[in-house]
Number of protein chains: 4
Amino acid sequence: MVGVAVIGAGYWGPNLVRNIQATPQFHLKTLCDLDVERAKAVLGRYSTVHATSSLAETLADPLVEAVAIATPAATHLEVALAALESGKHVLVEKPLASSYEDGLKLVTAADERGLTLMLDHTFCYTPVVRRLRQLVQDGELGDIQYVDSVRINLGIVQPDIDVLWDLAPHDLSILDSILPKDVTPVAVAALGTDPHQLGRACVAYISVRLSNDAIAHAHVNWLSPTKIRSTIIGGSRRTAVWNDLDPTQPLAVYDRGVDWSDDPVQRQVSYRVGDMVAPALPTGEALRGVMAEFAGAITEKRVPLTDGRSGLRVLAQLEAASASLAAGGVFVPVNGGSV
Amino acid sequence: MVGVAVIGAGYWGPNLVRNIQATPQFHLKTLCDLDVERAKAVLGRYSTVHATSSLAETLADPLVEAVAIATPAATHLEVALAALESGKHVLVEKPLASSYEDGLKLVTAADERGLTLMLDHTFCYTPVVRRLRQLVQDGELGDIQYVDSVRINLGIVQPDIDVLWDLAPHDLSILDSILPKDVTPVAVAALGTDPHQLGRACVAYISVRLSNDAIAHAHVNWLSPTKIRSTIIGGSRRTAVWNDLDPTQPLAVYDRGVDWSDDPVQRQVSYRVGDMVAPALPTGEALRGVMAEFAGAITEKRVPLTDGRSGLRVLAQLEAASASLAAGGVFVPVNGGSV
Amino acid sequence: MVGVAVIGAGYWGPNLVRNIQATPQFHLKTLCDLDVERAKAVLGRYSTVHATSSLAETLADPLVEAVAIATPAATHLEVALAALESGKHVLVEKPLASSYEDGLKLVTAADERGLTLMLDHTFCYTPVVRRLRQLVQDGELGDIQYVDSVRINLGIVQPDIDVLWDLAPHDLSILDSILPKDVTPVAVAALGTDPHQLGRACVAYISVRLSNDAIAHAHVNWLSPTKIRSTIIGGSRRTAVWNDLDPTQPLAVYDRGVDWSDDPVQRQVSYRVGDMVAPALPTGEALRGVMAEFAGAITEKRVPLTDGRSGLRVLAQLEAASASLAAGGVFVPVNGGSV
Amino acid sequence: MVGVAVIGAGYWGPNLVRNIQATPQFHLKTLCDLDVERAKAVLGRYSTVHATSSLAETLADPLVEAVAIATPAATHLEVALAALESGKHVLVEKPLASSYEDGLKLVTAADERGLTLMLDHTFCYTPVVRRLRQLVQDGELGDIQYVDSVRINLGIVQPDIDVLWDLAPHDLSILDSILPKDVTPVAVAALGTDPHQLGRACVAYISVRLSNDAIAHAHVNWLSPTKIRSTIIGGSRRTAVWNDLDPTQPLAVYDRGVDWSDDPVQRQVSYRVGDMVAPALPTGEALRGVMAEFAGAITEKRVPLTDGRSGLRVLAQLEAASASLAAGGVFVPVNGGSV
């Protein structure tokens, strides 16, 4: 068993604690939070896990071989770098860091030490995203023509980041996870509105131009009274529609669409109106799959599905989005040279 | 009773024929289509209405005092101008014309002759849009913070216009109809994708920057296997959500949202989680309301709700959208000087 | 073309008028209603169809070869019998008559004269019911284990019949249409409530025990503020779920269920959790299909799908339901001897 | 703090363990299961709670003042009676016992010793049922005219009880919880089908005739591939519709319905079509509320909301349902004399 510490007992930390405890390959040693009382409260009155407010003590423990970091994004560089420099494997909440530059430092530090650096891109481990990835890879959807996501709810207005940095990492990491290898993000446009004049957008739209000229678009919103979490992946052969709020039938694959004759002179449109199939999917908490992948990557010394580089690719797009937002919505090229 | 002719017996013409026949103030005289057999087929075997292929004959009939035009957009200028010059009142399908310049010619021609020029912005006559207008005017929603529309379906790929010109007029005319007078569109950004390389977008996004810095955004799409027609109007006090595909409960007004203290130093967020109310609304076909308004405007010599100028305002935004699409998605100012 | 008259211009008559006019094999001659002004209003100002208040005149017209009857149920015997005795083919609204005995008179009269007697069991001509019939006949659903219908809405409280006689004919005729030949209704139980003390139930439940021991159950309700129209057909192999209010995807076929080993000693349960398929279905108004079937039965001299005997079978079950209601809910055998 | 033991570590036990641990007034001492390994697995590797296979040891512990029992229904009498005789307060899963007679023994035993005997009728502690109870008590719904529940899913086919005893206790306890005091169940009818010939129904319908002549009806089903959990409470003033699978808006209150003039001679129907209100409701797990009520009843020495007598009332109706099922669906009076 791999000894693990969780760092951060706030919003997401309790989920990490619960899922690490349920993972046979892991032994949870420590829950570390600046506020040790909060850490104790998360563990509850019946736990044998150690609570501490000292990161140094946590990282000094030789029995702790890996850490899962759920602190605010602004602290990721410092905490994760300290962990890597102490020789710990690292699982970190999204986004990887506050900037591409900082993220690159973490990727480099992990590479140099041969340590696992993994992003907790939780949605990538849901049965739906696993199936979507397979549908794309097997050619079931054909060429990807457009991707449209809506992720809106009455949400926690974050004190330090805008709604793009808060919610779009979900959509960008899902996209990263399912796109075929030869289709990559090339430019990003973003626009938003800040009705409460906070200096950061509460409602925003992000558009990612892909290398095949398709657009992946997401609407992210903290102010909506209704909750919607849906993604449409329009393909030349079939189209997949994911409704994350429908637990019994989250994925629908439609054999419906527009076809065009290949004859360059007489281009004719025809409409396909075939069946819809809602595939049976396994159940289970996605975070359990995150932990299994983290444990597998450590013990098998392999690159995890959502490795540090996937986190860097998301950061590159977020930075382009911020640049576009500042520039009035023009498409800004994605920094991808060094990845 | 006002004598009326319908010009165009294609996709929408039959709906005009049916609703004009059901309007007491109107007497339908003629259905005119270049293909007179199509006109006869629309009227059916049991009708006393005259079918003709001659526009000149139709416009020469002194008993025809008004015409309803449902021909392709590219012909609107020619047909509507001929009708106005023959002294007929005109109801025309959206969009008013193929360009702002052409539309202005029609508005000017109607003004000069004191004739009614009205747009068939059908959605503006639905019970939901009437209620939304009232909710905005009465201050029930507070300040408009964002408007988000989704209008997607497996749709008819138009031979001459892109999806923006086909579907966005619905959203732009609805917006025009409900916005308070002191909030106006100032700039438009648009982007789209053309996966079948037709030279025109089949999936597009349009963003309208309003004078109060809010964004009205619409996703229009001909390729989606699922049909969605929804609009969210986010207000500072309440938020309205319209699902046009739910016939029994299309409108929901949420008393949920984010509030902020006005104290400029210590800005505090709080969350309102109040009830949702789905107001009881009258039933009835919107096109019946269009006809009642057209008849009322003619007989009472008043400006109709969706007059030629509302059609011009929509054209100005569509032209800005096309310019933005060509320019890579930047915001393009809306031509509104002369309206 | 077959000359037709419609008798009754009330709630359903206008639909018959419209669909007969759209049926190439028919020529609508006359609309007959005791209130001739109502008949004229239904035809409108632009129609060439004759309106009359005289049934005798209508039936005396030799050009009228068939009649479609949409008068109150209590008058069906008199009107339909007169029509048959005048040598007219008859299409009649459900229920066939006020009693099994009366219905039998109509069936006998039509048989003796070699005339078509057909029930307007409209739902049986929907694409969904056609597909359900096929799914059952092809064995795709396996053995029918249960059928559950919900048909509730804020409905018109009928002045003369209870909610069972008003709404259950839909469910009973659908059942009649899809059941395999070797599975028949054997007994009916019903219970209801009459909260406004009208002397007839406004909310009722009907249970039909089938010859294979399965139960077909329906909840019919005039008082529900929400509208539900759904039917589940549970089969040993697959289960079909029909939501009549979902126009885009009304039918879902689930490959999910419980299986049992056939070993009589060690009976083991297992669960099948396969895909759901929503088959693509043709669109179109069901009443158009009714008219096509009526015309085809007349001209081809064949038994229509929903012939008089199907109407008798429904009446037999309605009478059993009324007897059960009066007897406190016990199962009452279905009168089926003479059919 | 009250020391507690949980007895039974099967399907529901882990939920009891989790919620007792989260309840400040309780201290979880022991988890007892015949299979001690299962108990240990439920507690996990990080727990300080004692696991044992000995009921005697558990009941002999003076620090255990209360027990929560989640063993099969057939064992409730033995286990709960032993606990009561050891002076422990008891929370027991539904149903209270296998028969009304057994249940009465438990109620009597608790009464004699002045101990709390409470049923874990979990749904009664949901925010929706609390609100429904209030709506009924405040007269907001008016007189209850009908109650209709649907509780269907692909469910675990129980080895010893039929679907009525498995699922209907939910609906019966909810009904018990919300009915006004002067409206009581008087008779029960039930019918079901057993397509796999197991000797017990897998699909069943239960109808409860109330003292005001209203009917409460429930459809319970283990074989349905789709999951539905809904309840309609039809009132003379308003109607409440609960969809338990809609987490964001589970309750809708409709001001829609049929009204009748009180004039006994000229009874006129009119239709009310008012707004629908979806009230904002608190969130939170219902089982947390169960534990708060259990703790409160013990420490304040008061009768809990879902006391032993509520469990007896449910048992009386279940027994009547079984008798009706055996007798072919007739209404069977509810045994309520001694409660």
# chains A, B, ... in the order shown; residues from 1 in each chain; ligands from 1

$ interface_residues --of "chain A" --to "chain D" --cutoff "12 Å" --atoms "only C-alpha atoms" --output "CSV table (one decimal) with all heavy atoms, in the first residue's frame"
chain,number,residue,atom,x,y,z
A,17,VAL,N,-10.4,12.6,0.7
A,17,VAL,CA,-10.3,11.7,1.9
A,17,VAL,C,-11.1,10.4,1.8
A,17,VAL,O,-10.7,9.3,2.0
A,17,VAL,CB,-10.7,12.5,3.2
A,17,VAL,CG1,-10.9,11.6,4.4
A,17,VAL,CG2,-9.6,13.6,3.5
A,18,ARG,N,-12.4,10.6,1.5
A,18,ARG,CA,-13.3,9.5,1.4
A,18,ARG,C,-12.9,8.5,0.3
A,18,ARG,O,-12.9,7.3,0.5
A,18,ARG,CB,-14.7,10.0,1.1
A,18,ARG,CG,-15.8,9.0,1.0
A,18,ARG,CD,-17.2,9.7,1.1
A,18,ARG,NE,-17.3,10.8,0.2
A,18,ARG,CZ,-17.5,10.7,-1.2
A,18,ARG,NH1,-17.6,9.5,-1.7
A,18,ARG,NH2,-17.5,11.8,-1.9
A,19,ASN,N,-12.5,9.0,-0.8
A,19,ASN,CA,-12.1,8.1,-1.9
A,19,ASN,C,-10.8,7.4,-1.8
A,19,ASN,O,-10.6,6.3,-2.2
A,19,ASN,CB,-12.2,8.8,-3.3
A,19,ASN,CG,-13.7,8.9,-3.8
A,19,ASN,OD1,-14.2,7.9,-4.3
A,19,ASN,ND2,-14.3,10.0,-3.5
A,20,ILE,N,-9.8,8.1,-1.2
A,20,ILE,CA,-8.5,7.5,-0.9
A,20,ILE,C,-8.7,6.4,0.1
A,20,ILE,O,-8.2,5.3,0.0
A,20,ILE,CB,-7.5,8.5,-0.4
A,20,ILE,CG1,-7.1,9.4,-1.5
A,20,ILE,CG2,-6.3,7.9,0.2
A,20,ILE,CD1,-6.3,10.7,-1.1
A,21,GLN,N,-9.6,6.6,1.1
A,21,GLN,CA,-9.8,5.6,2.1
A,21,GLN,C,-10.5,4.3,1.5
A,21,GLN,O,-10.3,3.2,2.0
A,21,GLN,CB,-10.7,6.1,3.3
A,21,GLN,CG,-10.0,7.2,4.1
A,21,GLN,CD,-10.8,7.6,5.3
A,21,GLN,OE1,-12.0,7.4,5.4
A,21,GLN,NE2,-10.1,8.3,6.3
A,22,ALA,N,-11.2,4.5,0.4
A,22,ALA,CA,-11.9,3.4,-0.2
A,22,ALA,C,-11.1,2.7,-1.3
A,22,ALA,O,-11.5,1.8,-1.9
A,22,ALA,CB,-13.2,3.9,-0.8
A,23,THR,N,-9.8,3.2,-1.4
A,23,THR,CA,-9.0,2.6,-2.5
A,23,THR,C,-8.0,1.7,-1.8
A,23,THR,O,-7.2,2.1,-1.0
A,23,THR,CB,-8.2,3.8,-3.2
A,23,THR,OG1,-9.1,4.7,-3.8
A,23,THR,CG2,-7.3,3.2,-4.3
A,24,PRO,N,-8.1,0.4,-2.2
A,24,PRO,CA,-7.2,-0.6,-1.5
A,24,PRO,C,-5.7,-0.4,-1.6
A,24,PRO,O,-5.0,-0.7,-0.6
A,24,PRO,CB,-7.6,-1.9,-2.2
A,24,PRO,CG,-8.9,-1.7,-2.9
A,24,PRO,CD,-9.0,-0.2,-3.2
A,26,PHE,N,-4.2,2.3,-1.4
A,26,PHE,CA,-3.7,3.5,-0.7
A,26,PHE,C,-3.9,3.3,0.8
A,26,PHE,O,-4.8,2.6,1.3
A,26,PHE,CB,-4.5,4.7,-1.1
A,26,PHE,CG,-4.0,5.3,-2.4
A,26,PHE,CD1,-4.9,5.9,-3.3
A,26,PHE,CD2,-2.7,5.4,-2.8
A,26,PHE,CE1,-4.5,6.4,-4.5
A,26,PHE,CE2,-2.3,5.9,-4.0
A,26,PHE,CZ,-3.2,6.5,-4.8
A,27,HIS,N,-3.0,3.9,1.6
A,27,HIS,CA,-3.2,4.1,3.0
A,27,HIS,C,-3.1,5.5,3.3
A,27,HIS,O,-2.1,6.2,3.1
A,27,HIS,CB,-2.1,3.3,3.8
A,27,HIS,CG,-2.5,3.3,5.3
A,27,HIS,ND1,-3.3,2.3,5.8
A,27,HIS,CD2,-2.1,4.1,6.3
A,27,HIS,CE1,-3.4,2.6,7.1
A,27,HIS,NE2,-2.7,3.6,7.4
A,28,LEU,N,-4.2,6.1,3.8
A,28,LEU,CA,-4.3,7.5,4.1
A,28,LEU,C,-3.6,7.7,5.5
A,28,LEU,O,-4.1,7.2,6.5
A,28,LEU,CB,-5.7,8.0,4.2
A,28,LEU,CG,-5.9,9.5,4.4
A,28,LEU,CD1,-5.2,10.4,3.4
A,28,LEU,CD2,-7.3,9.9,4.6
A,29,LYS,N,-2.6,8.5,5.5
A,29,LYS,CA,-1.8,8.8,6.7
A,29,LYS,C,-2.3,10.0,7.4
A,29,LYS,O,-2.4,10.1,8.6
A,29,LYS,CB,-0.3,8.9,6.4
A,29,LYS,CG,0.3,7.6,5.9
A,29,LYS,CD,0.4,6.6,7.0
A,29,LYS,CE,1.2,5.3,6.6
A,29,LYS,NZ,1.1,4.3,7.6
A,30,THR,N,-2.4,11.1,6.6
A,30,THR,CA,-2.5,12.4,7.1
A,30,THR,C,-3.5,13.3,6.3
A,30,THR,O,-3.5,13.2,5.1
A,30,THR,CB,-1.1,13.1,7.1
A,30,THR,OG1,-0.1,12.3,7.7
A,30,THR,CG2,-1.1,14.5,7.7
A,41,ALA,N,-12.4,18.1,11.8
A,41,ALA,CA,-13.9,18.0,11.6
A,41,ALA,C,-14.2,17.1,10.3
A,41,ALA,O,-15.1,16.4,10.3
A,41,ALA,CB,-14.5,19.4,11.4
A,42,VAL,N,-13.3,17.3,9.3
A,42,VAL,CA,-13.5,16.5,8.1
A,42,VAL,C,-13.3,15.0,8.5
A,42,VAL,O,-14.1,14.1,8.0
A,42,VAL,CB,-12.6,16.9,7.0
A,42,VAL,CG1,-12.5,15.9,5.9
A,42,VAL,CG2,-13.0,18.3,6.5
A,43,LEU,N,-12.3,14.7,9.2
A,43,LEU,CA,-12.1,13.3,9.6
A,43,LEU,C,-13.2,12.7,10.5
A,43,LEU,O,-13.5,11.5,10.4
A,43,LEU,CB,-10.7,13.2,10.3
A,43,LEU,CG,-9.5,13.5,9.4
A,43,LEU,CD1,-8.2,13.5,10.2
A,43,LEU,CD2,-9.4,12.4,8.3
A,44,GLY,N,-13.7,13.6,11.3
A,44,GLY,CA,-14.8,13.1,12.2
A,44,GLY,C,-14.2,12.5,13.5
A,44,GLY,O,-13.0,12.4,13.7
A,45,ARG,N,-15.2,12.1,14.4
A,45,ARG,CA,-14.8,11.7,15.7
A,45,ARG,C,-14.3,10.2,15.8
A,45,ARG,O,-13.9,9.7,16.8
A,45,ARG,CB,-16.0,11.8,16.6
A,45,ARG,CG,-16.4,13.2,16.9
A,45,ARG,CD,-17.7,13.1,17.7
A,45,ARG,NE,-18.9,13.0,16.9
A,45,ARG,CZ,-20.0,12.4,17.3
A,45,ARG,NH1,-20.1,12.0,18.5
A,45,ARG,NH2,-21.1,12.3,16.5
A,46,TYR,N,-14.4,9.5,14.7
A,46,TYR,CA,-14.2,8.1,14.7
A,46,TYR,C,-13.0,7.6,13.9
A,46,TYR,O,-12.9,6.5,13.6
A,46,TYR,CB,-15.5,7.3,14.2
A,46,TYR,CG,-16.7,7.7,14.9
A,46,TYR,CD1,-17.5,8.8,14.5
A,46,TYR,CD2,-17.1,7.0,16.1
A,46,TYR,CE1,-18.7,9.1,15.1
A,46,TYR,CE2,-18.3,7.3,16.7
A,46,TYR,CZ,-19.1,8.4,16.3
A,46,TYR,OH,-20.2,8.7,17.0
A,47,SER,N,-12.1,8.6,13.5
A,47,SER,CA,-11.1,8.3,12.6
A,47,SER,C,-9.7,8.1,13.2
A,47,SER,O,-9.4,8.7,14.3
A,47,SER,CB,-11.0,9.4,11.5
A,47,SER,OG,-9.9,9.2,10.7
A,48,THR,N,-8.9,7.2,12.6
A,48,THR,CA,-7.6,7.0,13.1
A,48,THR,C,-6.5,7.8,12.3
A,48,THR,O,-5.3,7.6,12.5
A,48,THR,CB,-7.2,5.5,13.0
A,48,THR,OG1,-7.4,5.1,11.6
A,48,THR,CG2,-8.1,4.7,13.9
A,49,VAL,N,-7.0,8.6,11.3
A,49,VAL,CA,-6.1,9.3,10.5
A,49,VAL,C,-5.6,10.6,11.2
A,49,VAL,O,-6.3,11.2,12.0
A,49,VAL,CB,-6.8,9.7,9.2
A,49,VAL,CG1,-5.9,10.6,8.3
A,49,VAL,CG2,-7.2,8.5,8.4
A,50,HIS,N,-4.3,10.8,11.0
A,50,HIS,CA,-3.7,12.0,11.7
A,50,HIS,C,-4.1,13.3,11.0
A,50,HIS,O,-4.1,13.4,9.8
A,50,HIS,CB,-2.1,11.8,11.6
A,50,HIS,CG,-1.3,12.9,12.2
A,50,HIS,ND1,-1.5,13.3,13.5
A,50,HIS,CD2,-0.4,13.7,11.7
A,50,HIS,CE1,-0.7,14.3,13.8
A,50,HIS,NE2,0.0,14.5,12.7
A,153,ASN,N,-25.1,27.3,-13.5
A,153,ASN,CA,-25.8,27.0,-12.2
A,153,ASN,C,-25.6,28.2,-11.3
A,153,ASN,O,-24.8,29.1,-11.6
A,153,ASN,CB,-25.1,25.8,-11.5
A,153,ASN,CG,-25.9,25.2,-10.4
A,153,ASN,OD1,-27.1,25.6,-10.2
A,153,ASN,ND2,-25.3,24.4,-9.6
A,154,LEU,N,-26.4,28.3,-10.3
A,154,LEU,CA,-26.2,29.3,-9.3
A,154,LEU,C,-25.0,28.8,-8.5
A,154,LEU,O,-25.1,27.9,-7.7
A,154,LEU,CB,-27.4,29.4,-8.4
A,154,LEU,CG,-27.4,30.5,-7.4
A,154,LEU,CD1,-27.1,31.9,-8.0
A,154,LEU,CD2,-28.6,30.6,-6.6
A,225,PRO,N,-30.2,30.5,-12.4
A,225,PRO,CA,-31.0,29.8,-11.4
A,225,PRO,C,-31.2,28.3,-11.7
A,225,PRO,O,-31.6,27.6,-10.8
A,225,PRO,CB,-32.3,30.6,-11.4
A,225,PRO,CG,-32.4,31.1,-12.8
A,225,PRO,CD,-31.0,31.4,-13.2
A,226,THR,N,-31.1,27.9,-13.0
A,226,THR,CA,-31.3,26.5,-13.3
A,226,THR,C,-29.9,25.9,-13.6
A,226,THR,O,-29.0,26.6,-14.0
A,226,THR,CB,-32.1,26.4,-14.6
A,226,THR,OG1,-31.6,27.3,-15.6
A,226,THR,CG2,-33.6,26.7,-14.3
A,227,LYS,N,-29.8,24.6,-13.3
A,227,LYS,CA,-28.6,23.9,-13.5
A,227,LYS,C,-28.6,23.2,-14.8
A,227,LYS,O,-29.5,22.4,-15.0
A,227,LYS,CB,-28.3,23.0,-12.3
A,227,LYS,CG,-27.0,22.3,-12.3
A,227,LYS,CD,-26.9,21.5,-11.0
A,227,LYS,CE,-25.5,20.8,-10.9
A,227,LYS,NZ,-25.3,20.1,-9.6
A,228,ILE,N,-27.7,23.4,-15.6
A,228,ILE,CA,-27.5,22.6,-16.9
A,228,ILE,C,-26.1,22.2,-17.0
A,228,ILE,O,-25.2,23.0,-16.7
A,228,ILE,CB,-27.9,23.4,-18.1
A,228,ILE,CG1,-29.4,24.0,-18.0
A,228,ILE,CG2,-27.8,22.6,-19.4
A,228,ILE,CD1,-29.8,24.8,-19.2
A,245,LEU,N,-26.9,15.6,-15.8
A,245,LEU,CA,-27.8,15.6,-14.7
A,245,LEU,C,-28.9,14.5,-14.8
A,245,LEU,O,-29.8,14.4,-13.9
A,245,LEU,CB,-28.5,17.0,-14.6
A,245,LEU,CG,-27.6,18.2,-14.5
A,245,LEU,CD1,-28.4,19.4,-14.3
A,245,LEU,CD2,-26.6,18.0,-13.3
A,246,ASP,N,-28.8,13.7,-15.8
A,246,ASP,CA,-29.7,12.6,-15.9
A,246,ASP,C,-28.9,11.3,-15.5
A,246,ASP,O,-28.2,10.7,-16.3
A,246,ASP,CB,-30.2,12.4,-17.4
A,246,ASP,CG,-31.2,11.3,-17.5
A,246,ASP,OD1,-31.3,10.4,-16.6
A,246,ASP,OD2,-31.9,11.3,-18.6
A,247,PRO,N,-29.1,10.9,-14.3
A,247,PRO,CA,-28.3,9.8,-13.8
A,247,PRO,C,-28.6,8.4,-14.5
A,247,PRO,O,-27.7,7.6,-14.6
A,247,PRO,CB,-28.6,9.7,-12.3
A,247,PRO,CG,-29.9,10.4,-12.1
A,247,PRO,CD,-30.0,11.4,-13.2
A,248,THR,N,-29.8,8.3,-14.9
A,248,THR,CA,-30.2,7.0,-15.5
A,248,THR,C,-29.9,6.8,-16.9
A,248,THR,O,-29.7,5.7,-17.4
A,248,THR,CB,-31.7,6.7,-15.3
A,248,THR,OG1,-32.4,7.7,-16.0
A,248,THR,CG2,-32.1,6.7,-13.8
A,249,GLN,N,-29.7,7.9,-17.6
A,249,GLN,CA,-29.5,7.8,-19.1
A,249,GLN,C,-28.7,9.0,-19.5
A,249,GLN,O,-29.2,9.8,-20.3
A,249,GLN,CB,-30.9,7.7,-19.8
A,249,GLN,CG,-30.8,7.4,-21.2
A,249,GLN,CD,-32.2,7.5,-21.8
A,249,GLN,OE1,-33.1,6.8,-21.3
A,249,GLN,NE2,-32.4,8.3,-22.8
A,280,ALA,N,-26.0,1.4,-22.3
A,280,ALA,CA,-25.9,1.1,-20.9
A,280,ALA,C,-24.4,1.3,-20.5
A,280,ALA,O,-23.5,1.0,-21.2
A,280,ALA,CB,-26.2,-0.4,-20.7

$ select_by_dssp --residues "range 62-220 of chain C" --states "alpha helix (DSSP H)" --output "ChimeraX atom specification"
/C:76-85,100-113,127-137,163-178

$ residues_around --residues "Ala316 in chain C" --least-positions-apart "4" --cutoff "6 Å" --atoms "only C-alpha atoms" --output "PyMOL selection string"
chain C and resi 100+334-335

$ write_last_selection --atoms "all heavy atoms" --output "compact mmCIF listing (two decimals), in the first residue's frame"
# COMPACT_ATOMS: atom_id res chain seq x y z
N TYR C 100 -72.89 -2.65 -24.93
CA TYR C 100 -72.48 -3.76 -25.77
C TYR C 100 -73.64 -4.18 -26.67
O TYR C 100 -73.46 -4.44 -27.86
CB TYR C 100 -72.03 -4.92 -24.88
CG TYR C 100 -71.52 -6.11 -25.64
CD1 TYR C 100 -70.18 -6.21 -25.98
CD2 TYR C 100 -72.37 -7.14 -26.01
CE1 TYR C 100 -69.70 -7.30 -26.68
CE2 TYR C 100 -71.91 -8.24 -26.72
CZ TYR C 100 -70.57 -8.32 -27.05
OH TYR C 100 -70.09 -9.39 -27.75
N VAL C 334 -65.25 -10.50 -18.64
CA VAL C 334 -65.55 -9.75 -19.84
C VAL C 334 -66.51 -10.56 -20.71
O VAL C 334 -66.29 -11.74 -20.95
CB VAL C 334 -64.26 -9.45 -20.63
CG1 VAL C 334 -64.58 -8.80 -21.97
CG2 VAL C 334 -63.33 -8.57 -19.82
N ASN C 335 -67.57 -9.90 -21.15
CA ASN C 335 -68.51 -10.51 -22.07
C ASN C 335 -67.86 -10.64 -23.43
O ASN C 335 -67.62 -9.63 -24.09
CB ASN C 335 -69.77 -9.63 -22.18
CG ASN C 335 -70.73 -10.17 -23.22
OD1 ASN C 335 -70.53 -11.26 -23.78
ND2 ASN C 335 -71.78 -9.41 -23.49

$ residues_around --residues "Pro333 in chain C" --least-positions-apart "4" --cutoff "9 Å" --atoms "only C-alpha atoms" --output "ChimeraX atom specification"
/C:185-189,317,320

$ closest_residue --among "D:Val314, D:Val208, D:Ile69, D:Ala80" --to "Pro95 in chain D" --atoms "only C-alpha atoms"
D:Val314

$ atom_distance --atom1 "CA of Lys301 in chain B" --atom2 "CA of Thr116 in chain B"
7.7 Å

$ residues_around --residues "Asp194 in chain D" --least-positions-apart "3" --cutoff "9 Å" --atoms "only C-alpha atoms" --output "ChimeraX atom specification"
/C:145,213-214 /D:197-204

$ write_last_selection --atoms "C-alpha atoms" --output "short mmCIF file (atom, residue, chain, number, x, y, z; two decimals), in the first residue's frame"
data_model
loop_
_atom_site.label_atom_id
_atom_site.label_comp_id
_atom_site.auth_asym_id
_atom_site.auth_seq_id
_atom_site.Cartn_x
_atom_site.Cartn_y
_atom_site.Cartn_z
CA GLN C 145 -45.87 -9.25 -18.50
CA ASP C 213 -52.29 -13.62 -16.13
CA ALA C 214 -50.68 -10.30 -16.96
CA GLN D 197 -44.07 -17.50 -11.07
CA LEU D 198 -42.16 -16.88 -7.89
CA GLY D 199 -45.19 -17.07 -5.68
CA ARG D 200 -45.13 -13.33 -5.01
CA ALA D 201 -46.05 -10.25 -7.01
CA CYS D 202 -43.33 -8.25 -8.79
CA VAL D 203 -45.76 -5.63 -10.11
CA ALA D 204 -48.64 -4.48 -7.93
#

$ select_by_dssp --residues "range 195-236 of chain A" --states "strand (DSSP E or B)" --output "PyMOL selection string"
chain A and resi 203-210+215-221+223-235

$ residues_around --residues "Ile206 in chain B" --least-positions-apart "3" --cutoff "8 Å" --atoms "only C-alpha atoms" --output "list of chain:residue names"
B:Leu164, B:Ala168, B:Val188, B:Ala189, B:Ala190, B:Leu191, B:His217, B:Ala218, B:His219, B:Ala321

$ residues_around --residues "Leu104 in chain C" --least-positions-apart "6" --cutoff "9 Å" --atoms "only C-alpha atoms" --output "list in words"
Ala97, Gly308, Arg309, Leu312 and Val339 of chain C

$ atom_distance --atom1 "CA of Ser173 in chain D" --atom2 "CA of Gly257 in chain C"
28.0 Å

$ decode --residues "range 216-220 of chain C" --atoms "N, CA and C atoms" --output "mmCIF file, in the first residue's frame"
data_model
loop_
_atom_site.group_PDB
_atom_site.id
_atom_site.type_symbol
_atom_site.label_atom_id
_atom_site.label_comp_id
_atom_site.auth_asym_id
_atom_site.auth_seq_id
_atom_site.Cartn_x
_atom_site.Cartn_y
_atom_site.Cartn_z
ATOM 1 N N ALA C 216 -53.185 -5.374 -17.404
ATOM 2 C CA ALA C 216 -53.092 -4.075 -18.079
ATOM 3 C C ALA C 216 -53.862 -3.089 -17.215
ATOM 4 N N HIS C 217 -53.169 -2.064 -16.781
ATOM 5 C CA HIS C 217 -53.733 -1.136 -15.800
ATOM 6 C C HIS C 217 -53.677 0.269 -16.376
ATOM 7 N N ALA C 218 -54.722 1.049 -16.105
ATOM 8 C CA ALA C 218 -54.712 2.439 -16.569
ATOM 9 C C ALA C 218 -55.238 3.362 -15.484
ATOM 10 N N HIS C 219 -54.576 4.480 -15.365
ATOM 11 C CA HIS C 219 -55.023 5.565 -14.484
ATOM 12 C C HIS C 219 -55.572 6.658 -15.392
ATOM 13 N N VAL C 220 -56.877 6.931 -15.254
ATOM 14 C CA VAL C 220 -57.503 7.996 -16.043
ATOM 15 C C VAL C 220 -58.047 9.046 -15.081
#
